[in-house]
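J.: Here you go, one structure.
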Amino acid sequence: MILFEGGVARVFFDPSGEIIGPWTSLGSQSTEPKSKTDSTHPVRSESGDYLDKRLAKVQWPHSSPSHTVDHAASSFFQEPHKHPNVVFFAMRTRKSNRTKSYKVEKYDFEASSDEDIVHKRDKKADANDDNFDVVAAAEESAADEDEVGFEREAMGSDASVSDPDGIPDRFARQNIKLIKPFNVRAVGVTGYLDVEPVAADGRIVRAYCGPYDRSIRGNALVDMWYGRHDGGVQKARDMLDRWMDWTVLPPRSKLDERGQRDKGVWSPNFFEREAYNAQHWYERIRGSAIRDASFLQLSEEESRPYQMQRRHLPVLMGPHDSQEEVMFNPGDSFALSQTGLPIIPDPSNSNAVAGWMLDVGGIVTSMNWAPQHKPNATQLLAMSVIPHSDQEHYDFGQDSIKPDHQRYGVIQLWEFVGQRDAEGFVRPSANRPTLRRTICTDHGRVRRVKWSPACELLAVICSDGRVHIIEAGGEGDGGYEKVVQPIAIFEFPEEENIEATSLAWINFNRVVVGCTDGSISLWSVQPSRLLSRHPVHHNIIIDLVSGYPSMPYIVASYPVGGTVRLVDLRAPSLETTEVQNLTVATQPHLLGYSDHLLGFFSLYPSAGVLNSQIGFMHHAQYPIARRVFTGHSFPTCLSVGRTHPYLLIGAMDGSLCAINPQVELFSNRREPSDRIRVFHHEHRSANLLPKTSPAGVRGMSRILQGFVLERNVNPKTDLRPPAKKGKKAKKSDAEATRRDEDEDGGGITDPTRAVLYEPLTRITVVEWNPNEEYGCWAAAAMGSGLVRVMDLGLDKRDDTT
């Protein structure tokens, strides 16, 4: 007799009903096994393959307790030499045999009412046996699908579902409903299917399932983020040892410092190869791409539409208790001392110079340092500037119909000179910065400027929605030069109202551009052509950045409304991910890539109206963001160091803060990290001051500095009510606090962050210098038209380790 369950035969019985097991011989008396095992224990066949895990439970005929065949089968295969007469194999049985049972009835009733039921059941079983082969194959397929479905459901049951507003669900975990794959053959569809023109926004699965969690910190986090790279854990620990003790500002470094690399930590010799290839490529295209004169020198009369109004701005500078008034005009610049006051140029007193202050005469919309590959090279800063009148109240209906309405765009190129001190470090010199060139264009206001990473090409986005690639290097005399022949122009002439809004270089000959329709396009400079275009978002892309230099093919972007996404341009239709929280953003310059941490910094993905947090997303675990900074006001811009991992954040209230995100990310202790306010800018509009006063034209500004260290606050822990007197916090409460500290930005927030300030008080753009030995220099532009360039590097003392 055969014992079967689920259509598979398991063990032989002899005619007397005794089990043939490894503890008995064929035909001997049955004895009970010594122990019972779980019914899901795997059993292996003679060929070595595992049989079905769902083994049948057998009711012993001579005893009341139930026992399983698992123990017998597993013992047999562990010691087969002790039982040579035992046979064990599997086979598929008929469906009718699955419901049959054989037992000795104590009583035999004649004319039993169950007899008719048995006959009907036997007839139905005989009918099913006619299609035994077909039905059995279908049932095995259904069983496999059910088994896979159970495993997927079990995996998805542990995932949490986030609310669209970014507020986590605090109730029970929800199961994720899986979508069944579409069977193309079933509906008879052949050939290719139409692809939707835009990415589908109705996502059902809105959760992350994986080993990464916000509670992971310390060495475990280092292993998870950098363990996949060759020697990555050791490189990450070396960087932590180098910068972890410097909690707010970076230390100075030399070019020939042994055992330390400021750039290209994850891609050694990358910049040398990139510069070599770019030089040969640039020499080849100079003759063909630059056929005519690229620029036209403008006269005084021709340059007037591009000039900023000559209006003076009084500024209070210096220590807070003894400030002095300094008068600025567009084009003026001063060297600053450690106290923040202008100093007289003196080459012998260069160590006292802390930076420079200059006036561009308008609002800086974009700013970028030119990469320099030669030591002791002059540093060049490109800034796109618009007049203050563009953001003042005016009649748009009347002014917009004028032919010259916001037609003229301006790019200012300023050069700064450094000087080596006795210790070999490069510091700002006492020489004033000079305006090398003013590049003019008739294609509208300049929105974005970005230098090529390996040559003297400048990518420019104008208000006409096109990207212009121009050659902006070379010497200049400070005059106005109009662009005549760009090297390349990127546009979509056949599509209406598709304009470029953001861009990023991924190498010296490739530019990725974000557009108003939510698409990301990849362009070649020479030959100038579109290489690919991918629908990523549903609306305007505010900003995007690439993972240059270690991962230039990875591009992160965020739109006005939607989700922050990460796309791999090598396989954009497959390799893509996103932060699941819905985001509402209107401010550019809040996205940056850190090549040291291999991740992206941005405004914390949240739709909260009081969101003032900055988050970090590692490229390998991008869907989960970690909070690294919480400001007292709305952030307006940020910049990540190119030669170090430090972060600068500008805010609406005019403050510029600096932090070391390594401390917040990798510290085991959950104590608040340090941050420092580098300076604070305040502005008063001219409408609030008498017209006869010196400040009645452009208003008046004040610069404060010398702030002490602050604690990087967390709104959820700071506003949490304290424990009652005489009671200790429970362990569960402490764990909940720890989880809340790393949750999204949709929780309790301080309403004072919604305080509005004078529009010209804000920090518009901030940018670290990307060049080695100059990496501690940073430029910050303010809404009043002032730009401050600072040397934020700290000196290493002899007792510093």
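Following the order of the structure tokens, first chain is A, next is B, and so on, with residues numbered from 1 inside each chain and ligands from 1 in the order they appear.
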Just want the 7 Å neighbourhood of A:Ser612, counted on only C-alpha atoms, with same-chain residues fewer than 3 positions away dropped. Output as a short mmCIF file (atom, residue, chain, number, x, y, z; two decimals) with N, CA and C atoms, in the first residue's frame.

T.:
data_model
loop_
_atom_site.label_atom_id
_atom_site.label_comp_id
_atom_site.auth_asym_id
_atom_site.auth_seq_id
_atom_site.Cartn_x
_atom_site.Cartn_y
_atom_site.Cartn_z
N THR A 630 19.25 70.56 9.65
CA THR A 630 17.94 71.20 9.84
C THR A 630 18.17 72.67 10.12
N GLY A 631 17.67 73.53 9.25
CA GLY A 631 17.90 74.96 9.38
C GLY A 631 16.80 75.68 10.11
N SER A 633 15.66 78.43 8.87
CA SER A 633 14.94 79.09 7.81
C SER A 633 15.00 78.21 6.57
N PHE A 634 14.21 78.54 5.57
CA PHE A 634 14.19 77.74 4.35
C PHE A 634 15.54 77.79 3.66
N PRO A 635 16.12 76.65 3.31
CA PRO A 635 17.39 76.68 2.56
C PRO A 635 17.15 77.13 1.12
#

J.: So which residues touch A:Ala651 within 12 Å, counting only C-alpha atoms, skipping near sequence neighbours fewer than 6 positions away, as a ChimeraX atom specification?

T.: /A:587,589-590,603,612-614,629-638,657-658,677-682,753,755-757,759-766,780-783

J.: Which residues are near A:Phe416? Cut-off 12 Å, only C-alpha atoms, ignore same chain within fewer than 2 positions. Put them as a compact mmCIF listing (two decimals) with all heavy atoms, in the first residue's frame.

T.:
# COMPACT_ATOMS: atom_id res chain seq x y z
N SER A 333 35.64 95.94 -5.66
CA SER A 333 36.08 94.75 -4.92
C SER A 333 37.11 95.17 -3.89
O SER A 333 37.87 96.13 -4.10
CB SER A 333 36.68 93.71 -5.88
OG SER A 333 37.80 94.23 -6.57
N PHE A 334 37.12 94.44 -2.76
CA PHE A 334 38.04 94.72 -1.66
C PHE A 334 38.56 93.40 -1.10
O PHE A 334 37.85 92.39 -1.11
CB PHE A 334 37.34 95.52 -0.54
CG PHE A 334 36.84 96.86 -0.95
CD1 PHE A 334 35.53 97.05 -1.35
CD2 PHE A 334 37.69 97.97 -0.95
CE1 PHE A 334 35.06 98.28 -1.74
CE2 PHE A 334 37.22 99.22 -1.35
CZ PHE A 334 35.91 99.38 -1.74
N ALA A 335 39.80 93.44 -0.60
CA ALA A 335 40.34 92.34 0.17
C ALA A 335 39.93 92.54 1.63
O ALA A 335 39.93 93.66 2.14
CB ALA A 335 41.86 92.28 0.04
N GLY A 355 39.86 86.79 2.60
CA GLY A 355 39.02 86.64 1.41
C GLY A 355 38.77 87.97 0.76
O GLY A 355 39.51 88.94 0.98
N TRP A 356 37.72 88.03 -0.06
CA TRP A 356 37.38 89.24 -0.79
C TRP A 356 35.87 89.47 -0.75
O TRP A 356 35.10 88.55 -0.52
CB TRP A 356 37.82 89.13 -2.26
CG TRP A 356 39.28 88.89 -2.45
CD1 TRP A 356 40.29 89.81 -2.49
CD2 TRP A 356 39.91 87.63 -2.68
NE1 TRP A 356 41.49 89.22 -2.72
CE2 TRP A 356 41.30 87.86 -2.84
CE3 TRP A 356 39.46 86.31 -2.76
CZ2 TRP A 356 42.22 86.85 -3.08
CZ3 TRP A 356 40.37 85.30 -3.00
CH2 TRP A 356 41.73 85.57 -3.16
N MET A 357 35.50 90.73 -1.02
CA MET A 357 34.11 91.11 -1.18
C MET A 357 34.01 91.96 -2.44
O MET A 357 34.82 92.87 -2.65
CB MET A 357 33.61 91.90 0.02
CG MET A 357 32.15 92.31 -0.07
SD MET A 357 31.02 90.98 0.35
CE MET A 357 31.17 91.07 2.15
N LEU A 358 33.02 91.66 -3.29
CA LEU A 358 32.85 92.40 -4.53
C LEU A 358 31.37 92.63 -4.78
O LEU A 358 30.51 91.95 -4.22
CB LEU A 358 33.49 91.66 -5.70
CG LEU A 358 33.11 90.19 -5.91
CD1 LEU A 358 32.05 90.06 -6.99
CD2 LEU A 358 34.33 89.38 -6.31
N TRP A 369 33.05 77.75 -10.57
CA TRP A 369 34.50 77.93 -10.67
C TRP A 369 35.03 77.15 -11.87
O TRP A 369 34.57 76.04 -12.16
CB TRP A 369 35.20 77.44 -9.42
CG TRP A 369 34.99 78.26 -8.18
CD1 TRP A 369 34.02 78.08 -7.23
CD2 TRP A 369 35.76 79.38 -7.75
NE1 TRP A 369 34.15 79.02 -6.24
CE2 TRP A 369 35.22 79.83 -6.53
CE3 TRP A 369 36.88 80.04 -8.27
CZ2 TRP A 369 35.74 80.90 -5.82
CZ3 TRP A 369 37.40 81.13 -7.57
CH2 TRP A 369 36.82 81.55 -6.36
N ALA A 370 36.01 77.74 -12.56
CA ALA A 370 36.63 77.06 -13.70
C ALA A 370 37.67 76.07 -13.20
O ALA A 370 38.51 76.41 -12.37
CB ALA A 370 37.30 78.09 -14.63
N ASN A 376 49.40 76.94 -9.07
CA ASN A 376 49.56 78.40 -9.01
C ASN A 376 48.80 79.12 -10.13
O ASN A 376 49.18 80.21 -10.54
CB ASN A 376 51.03 78.78 -9.05
CG ASN A 376 51.83 78.14 -7.93
OD1 ASN A 376 51.34 77.96 -6.81
ND2 ASN A 376 53.07 77.75 -8.24
N ALA A 377 47.74 78.51 -10.63
CA ALA A 377 46.96 79.14 -11.69
C ALA A 377 45.98 80.14 -11.10
O ALA A 377 45.52 80.01 -9.95
CB ALA A 377 46.20 78.07 -12.49
N THR A 378 45.66 81.15 -11.89
CA THR A 378 44.67 82.14 -11.48
C THR A 378 43.29 81.49 -11.45
O THR A 378 42.89 80.80 -12.39
CB THR A 378 44.67 83.32 -12.45
OG1 THR A 378 45.98 83.92 -12.46
CG2 THR A 378 43.64 84.36 -12.04
N GLN A 379 42.56 81.72 -10.38
CA GLN A 379 41.23 81.14 -10.23
C GLN A 379 40.19 82.02 -10.91
O GLN A 379 40.18 83.25 -10.73
CB GLN A 379 40.90 80.96 -8.75
CG GLN A 379 41.92 80.12 -7.99
CD GLN A 379 42.08 78.73 -8.58
OE1 GLN A 379 41.12 77.96 -8.66
NE2 GLN A 379 43.29 78.41 -9.01
N LEU A 380 39.32 81.37 -11.70
CA LEU A 380 38.34 82.09 -12.50
C LEU A 380 36.94 81.69 -12.07
O LEU A 380 36.61 80.50 -11.99
CB LEU A 380 38.55 81.78 -13.98
CG LEU A 380 37.80 82.64 -15.00
CD1 LEU A 380 38.24 84.10 -14.88
CD2 LEU A 380 38.05 82.14 -16.42
N LEU A 381 36.10 82.67 -11.78
CA LEU A 381 34.74 82.46 -11.32
C LEU A 381 33.76 83.09 -12.31
O LEU A 381 33.84 84.29 -12.60
CB LEU A 381 34.54 83.06 -9.93
CG LEU A 381 33.16 82.90 -9.29
CD1 LEU A 381 32.84 81.43 -9.05
CD2 LEU A 381 33.07 83.68 -7.98
N ALA A 382 32.86 82.25 -12.85
CA ALA A 382 31.84 82.72 -13.80
C ALA A 382 30.52 82.90 -13.06
O ALA A 382 30.08 82.00 -12.33
CB ALA A 382 31.68 81.74 -14.96
N LEU A 413 33.08 87.27 -15.62
CA LEU A 413 34.20 86.39 -15.30
C LEU A 413 35.18 87.16 -14.42
O LEU A 413 35.83 88.12 -14.88
CB LEU A 413 34.89 85.90 -16.57
CG LEU A 413 34.03 85.12 -17.58
CD1 LEU A 413 34.87 84.65 -18.76
CD2 LEU A 413 33.36 83.94 -16.91
N TRP A 414 35.30 86.74 -13.16
CA TRP A 414 36.19 87.37 -12.19
C TRP A 414 37.36 86.45 -11.92
O TRP A 414 37.21 85.23 -11.83
CB TRP A 414 35.45 87.66 -10.88
CG TRP A 414 34.44 88.78 -10.97
CD1 TRP A 414 33.19 88.71 -11.49
CD2 TRP A 414 34.62 90.12 -10.53
NE1 TRP A 414 32.56 89.92 -11.40
CE2 TRP A 414 33.42 90.82 -10.81
CE3 TRP A 414 35.66 90.81 -9.92
CZ2 TRP A 414 33.24 92.16 -10.50
CZ3 TRP A 414 35.48 92.16 -9.60
CH2 TRP A 414 34.28 92.81 -9.89
N GLY A 418 45.97 83.80 -5.73
CA GLY A 418 46.42 83.31 -4.43
C GLY A 418 47.92 83.46 -4.27
O GLY A 418 48.65 83.77 -5.22
N GLN A 419 48.39 83.24 -3.06
CA GLN A 419 49.81 83.37 -2.75
C GLN A 419 50.18 82.34 -1.69
O GLN A 419 49.43 82.12 -0.74
CB GLN A 419 50.11 84.79 -2.25
CG GLN A 419 51.59 85.06 -2.00
CD GLN A 419 51.84 86.50 -1.62
OE1 GLN A 419 50.92 87.32 -1.60
NE2 GLN A 419 53.09 86.81 -1.30
N ARG A 427 47.01 80.81 0.08
CA ARG A 427 46.05 81.67 0.76
C ARG A 427 45.67 82.83 -0.17
O ARG A 427 46.36 83.12 -1.14
CB ARG A 427 46.65 82.24 2.06
CG ARG A 427 47.03 81.17 3.07
CD ARG A 427 47.70 81.80 4.29
NE ARG A 427 48.13 80.81 5.26
CZ ARG A 427 47.40 80.37 6.26
NH1 ARG A 427 46.17 80.84 6.43
NH2 ARG A 427 47.87 79.48 7.10
N PRO A 428 44.55 83.51 0.13
CA PRO A 428 44.18 84.68 -0.68
C PRO A 428 45.24 85.78 -0.57
O PRO A 428 45.80 86.03 0.51
CB PRO A 428 42.85 85.13 -0.08
CG PRO A 428 42.31 83.92 0.61
CD PRO A 428 43.50 83.17 1.11
N SER A 429 45.50 86.42 -1.68
CA SER A 429 46.46 87.52 -1.70
C SER A 429 45.76 88.84 -1.41
O SER A 429 44.53 88.93 -1.43
CB SER A 429 47.17 87.58 -3.06
OG SER A 429 46.25 87.91 -4.08
N ALA A 430 46.54 89.84 -1.18
CA ALA A 430 45.98 91.16 -0.90
C ALA A 430 45.56 91.89 -2.16
O ALA A 430 44.98 92.98 -2.07
CB ALA A 430 47.01 92.00 -0.13
N ASN A 431 45.84 91.31 -3.33
CA ASN A 431 45.43 91.95 -4.58
C ASN A 431 43.92 91.85 -4.75
O ASN A 431 43.31 90.81 -4.47
CB ASN A 431 46.13 91.29 -5.76
CG ASN A 431 47.63 91.41 -5.69
OD1 ASN A 431 48.15 92.41 -5.19
ND2 ASN A 431 48.33 90.39 -6.15
N ARG A 432 43.32 92.91 -5.24
CA ARG A 432 41.87 92.92 -5.43
C ARG A 432 41.49 92.04 -6.62
O ARG A 432 42.22 91.96 -7.60
CB ARG A 432 41.39 94.35 -5.67
CG ARG A 432 41.52 95.27 -4.46
CD ARG A 432 40.91 96.61 -4.78
NE ARG A 432 40.96 97.51 -3.63
CZ ARG A 432 40.44 98.73 -3.61
NH1 ARG A 432 39.81 99.21 -4.70
NH2 ARG A 432 40.54 99.48 -2.53
N PRO A 433 40.35 91.39 -6.54
CA PRO A 433 39.87 90.64 -7.70
C PRO A 433 39.56 91.59 -8.85
O PRO A 433 39.17 92.75 -8.64
CB PRO A 433 38.60 89.95 -7.20
CG PRO A 433 38.69 89.99 -5.71
CD PRO A 433 39.47 91.22 -5.37
N THR A 434 39.73 91.11 -10.07
CA THR A 434 39.50 91.93 -11.25
C THR A 434 38.46 91.25 -12.15
O THR A 434 38.38 90.02 -12.22
CB THR A 434 40.80 92.14 -12.05
OG1 THR A 434 41.33 90.86 -12.41
CG2 THR A 434 41.81 92.91 -11.22
N LEU A 435 37.67 92.09 -12.82
CA LEU A 435 36.68 91.60 -13.77
C LEU A 435 37.38 91.40 -15.11
O LEU A 435 37.69 92.36 -15.81
CB LEU A 435 35.53 92.60 -13.89
CG LEU A 435 34.40 92.25 -14.85
CD1 LEU A 435 33.72 90.95 -14.46
CD2 LEU A 435 33.39 93.39 -14.91
N ARG A 436 37.63 90.13 -15.46
CA ARG A 436 38.38 89.84 -16.69
C ARG A 436 37.55 90.12 -17.93
O ARG A 436 38.01 90.79 -18.86
CB ARG A 436 38.85 88.39 -16.69
CG ARG A 436 39.55 87.99 -17.97
CD ARG A 436 39.85 86.50 -18.03
NE ARG A 436 40.93 86.15 -17.12
CZ ARG A 436 41.49 84.93 -17.09
NH1 ARG A 436 41.03 83.98 -17.90
NH2 ARG A 436 42.47 84.68 -16.25
N ASN A 769 35.33 75.79 -4.35
CA ASN A 769 36.32 75.74 -5.43
C ASN A 769 36.71 74.28 -5.67
O ASN A 769 37.02 73.56 -4.73
CB ASN A 769 37.55 76.56 -5.05
CG ASN A 769 38.47 76.79 -6.22
OD1 ASN A 769 38.82 75.87 -6.97
ND2 ASN A 769 38.89 78.03 -6.40
N TYR A 774 43.15 74.78 -3.61
CA TYR A 774 42.19 75.87 -3.50
C TYR A 774 40.82 75.37 -3.06
O TYR A 774 39.85 76.12 -3.09
CB TYR A 774 42.05 76.60 -4.84
CG TYR A 774 43.31 77.25 -5.35
CD1 TYR A 774 44.22 76.53 -6.13
CD2 TYR A 774 43.61 78.57 -5.07
CE1 TYR A 774 45.37 77.11 -6.61
CE2 TYR A 774 44.76 79.16 -5.54
CZ TYR A 774 45.65 78.43 -6.31
OH TYR A 774 46.81 79.02 -6.79
N TRP A 777 38.53 77.31 -0.63
CA TRP A 777 37.94 78.58 -1.02
C TRP A 777 36.48 78.36 -1.40
O TRP A 777 36.12 77.38 -2.05
CB TRP A 777 38.68 79.18 -2.21
CG TRP A 777 40.07 79.66 -1.89
CD1 TRP A 777 40.79 79.38 -0.77
CD2 TRP A 777 40.88 80.49 -2.71
NE1 TRP A 777 42.01 79.98 -0.82
CE2 TRP A 777 42.11 80.67 -2.00
CE3 TRP A 777 40.73 81.09 -3.94
CZ2 TRP A 777 43.15 81.44 -2.53
CZ3 TRP A 777 41.76 81.85 -4.46
CH2 TRP A 777 42.96 82.03 -3.76
N ALA A 778 35.64 79.28 -0.99
CA ALA A 778 34.20 79.19 -1.30
C ALA A 778 33.68 80.57 -1.62
O ALA A 778 34.12 81.57 -1.03
CB ALA A 778 33.43 78.59 -0.13
N ALA A 779 32.74 80.62 -2.56
CA ALA A 779 32.10 81.88 -2.96
C ALA A 779 30.62 81.81 -2.64
O ALA A 779 29.96 80.80 -2.90
CB ALA A 779 32.31 82.14 -4.45
N ARG A 788 30.85 87.26 -1.72
CA ARG A 788 31.98 87.12 -0.80
C ARG A 788 32.72 85.82 -1.11
O ARG A 788 32.11 84.75 -1.17
CB ARG A 788 31.50 87.12 0.65
CG ARG A 788 32.64 87.06 1.66
CD ARG A 788 32.17 87.34 3.07
NE ARG A 788 33.29 87.35 4.01
CZ ARG A 788 33.19 87.65 5.30
NH1 ARG A 788 31.99 87.98 5.80
NH2 ARG A 788 34.24 87.65 6.08
N VAL A 789 34.02 85.94 -1.29
CA VAL A 789 34.90 84.79 -1.51
C VAL A 789 35.74 84.63 -0.26
O VAL A 789 36.45 85.56 0.15
CB VAL A 789 35.78 84.99 -2.76
CG1 VAL A 789 36.69 83.80 -2.96
CG2 VAL A 789 34.90 85.21 -3.99
N MET A 790 35.68 83.42 0.34
CA MET A 790 36.30 83.17 1.64
C MET A 790 37.27 82.00 1.57
O MET A 790 37.07 81.07 0.78
CB MET A 790 35.22 82.86 2.70
CG MET A 790 34.13 83.90 2.78
SD MET A 790 32.60 83.21 3.46
CE MET A 790 32.06 82.22 2.05
N ASP A 791 38.29 82.07 2.39
CA ASP A 791 39.19 80.94 2.61
C ASP A 791 38.79 80.32 3.95
O ASP A 791 39.12 80.85 5.01
CB ASP A 791 40.65 81.40 2.63
CG ASP A 791 41.62 80.24 2.81
OD1 ASP A 791 41.17 79.07 2.74
OD2 ASP A 791 42.82 80.49 3.03

J.: Interatomic distance between atom CA of A:Thr563 and atom CA of A:Val663?

T.: 27.2 Å

J.: What is the atom CA of A:Phe666-atom CA of A:Gly264 distance in Å, reported with one decimal?

T.: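 According to the coordinates, atom CA of A:Phe666 and atom CA of A:Gly264 are separated by 21.4 Å.
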
J.: Between atom CA of A:Cys209 and atom CA of A:Leu582, what distance in Å does the model show, to one decimal?

T.: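 Atom CA of A:Leu582 lies 18.3 Å from atom CA of A:Cys209.
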
J.: May I have the residues within 12 Å of A:Val326 as a PyMOL selection string, using only C-alpha atoms and disregarding those fewer than 3 positions away in the same chain?

T.: chain A and resi 312-318+323+329+332-334+336+340-343+357-359+694-695+700-703

J.: Could you check the closest approach to A:Asp750 for each of A:Pro527, A:Pro305, A:Gly696, A:Gly608 and tell me which residue wins, using only C-alpha atoms?

T.: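 Under the stated criterion, the closest residue is A:Gly608.
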
J.: Fewer than 4 positions away in the same chain doesn't count, so skip those; otherwise give me all residues within 8 Å of stretch 231-246 of chain A, counting only C-alpha atoms, as a ChimeraX atom specification.

T.: /A:222-223,226-227,250-251,265,660,662-663

J.: Quick one: everything within 12 Å of A:Gly465, counting only C-alpha atoms, minus sequence neighbours fewer than 5 positions away in the same chain. Send it as a list in words.

T.: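 In the requested format, the answer is His443, Gly444, Arg445, Val446, Arg447, Arg448, Val460, Ile489, Phe490, Glu491, Phe492, Pro493, Glu495, Glu496, Asn497, Ile498, Glu499, Ala500, Thr501, Ser502, Leu503, Val513, Gly514, Cys515, Thr516 and Asp517 of chain A.
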
J.: For N, CA and C atoms, I'd like the residues from the last selection saved as a compact mmCIF listing (two decimals), in the first residue's frame.

T.:
# COMPACT_ATOMS: atom_id res chain seq x y z
N HIS A 443 20.11 86.35 -26.38
CA HIS A 443 19.15 85.25 -26.34
C HIS A 443 18.36 85.22 -25.03
N GLY A 444 18.37 86.31 -24.29
CA GLY A 444 17.62 86.39 -23.04
C GLY A 444 18.53 86.32 -21.83
N ARG A 445 17.92 86.43 -20.65
CA ARG A 445 18.69 86.36 -19.41
C ARG A 445 19.38 85.00 -19.28
N VAL A 446 20.55 85.03 -18.72
CA VAL A 446 21.31 83.80 -18.52
C VAL A 446 20.84 83.17 -17.21
N ARG A 447 20.41 81.91 -17.28
CA ARG A 447 19.89 81.21 -16.11
C ARG A 447 20.94 80.33 -15.43
N ARG A 448 21.72 79.61 -16.23
CA ARG A 448 22.70 78.67 -15.67
C ARG A 448 24.02 78.80 -16.43
N VAL A 460 25.91 77.38 -21.24
CA VAL A 460 25.06 78.49 -20.80
C VAL A 460 23.62 78.18 -21.20
N ILE A 489 24.86 74.48 -30.15
CA ILE A 489 23.57 74.91 -29.61
C ILE A 489 22.68 73.69 -29.50
N PHE A 490 22.10 73.47 -28.31
CA PHE A 490 21.21 72.33 -28.08
C PHE A 490 19.78 72.87 -27.97
N GLU A 491 18.88 72.34 -28.80
CA GLU A 491 17.50 72.78 -28.78
C GLU A 491 16.63 71.72 -29.46
N PHE A 492 15.31 71.88 -29.30
CA PHE A 492 14.31 71.03 -29.96
C PHE A 492 13.45 71.92 -30.85
N PRO A 493 13.89 72.24 -32.05
CA PRO A 493 13.15 73.20 -32.89
C PRO A 493 11.79 72.69 -33.34
N GLU A 495 9.65 70.95 -31.56
CA GLU A 495 8.72 70.82 -30.45
C GLU A 495 8.49 72.19 -29.84
N GLU A 496 7.26 72.48 -29.55
CA GLU A 496 6.89 73.80 -29.05
C GLU A 496 6.93 73.82 -27.53
N ASN A 497 7.47 74.92 -26.98
CA ASN A 497 7.52 75.18 -25.54
C ASN A 497 8.33 74.12 -24.78
N ILE A 498 9.33 73.53 -25.40
CA ILE A 498 10.25 72.62 -24.71
C ILE A 498 11.55 73.38 -24.52
N GLU A 499 11.84 73.75 -23.29
CA GLU A 499 13.00 74.57 -22.97
C GLU A 499 13.90 73.85 -21.97
N ALA A 500 15.17 74.17 -22.04
CA ALA A 500 16.15 73.63 -21.10
C ALA A 500 16.10 74.42 -19.79
N THR A 501 16.14 73.72 -18.70
CA THR A 501 16.08 74.36 -17.38
C THR A 501 17.31 74.08 -16.52
N SER A 502 18.03 72.99 -16.78
CA SER A 502 19.20 72.64 -15.97
C SER A 502 20.12 71.78 -16.82
N LEU A 503 21.39 71.70 -16.40
CA LEU A 503 22.37 70.93 -17.16
C LEU A 503 23.49 70.48 -16.25
N VAL A 513 20.96 67.39 -20.15
CA VAL A 513 20.10 68.58 -20.03
C VAL A 513 18.73 68.16 -19.54
N GLY A 514 18.20 68.88 -18.56
CA GLY A 514 16.83 68.70 -18.09
C GLY A 514 15.92 69.74 -18.71
N CYS A 515 14.70 69.34 -19.07
CA CYS A 515 13.79 70.20 -19.83
C CYS A 515 12.49 70.44 -19.07
N THR A 516 11.68 71.33 -19.64
CA THR A 516 10.42 71.70 -19.00
C THR A 516 9.38 70.60 -19.09
N ASP A 517 9.51 69.66 -20.01
CA ASP A 517 8.56 68.56 -20.11
C ASP A 517 8.91 67.38 -19.23

J.: Identify which of the residues A:Gln485, A:Asn219, A:Gln309, A:Gln398 lies closest to A:Gly331, counting only C-alpha atoms when measuring atom-to-atom distances.

T.: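 That would be A:Gln309, the residue with the smallest distance to A:Gly331.
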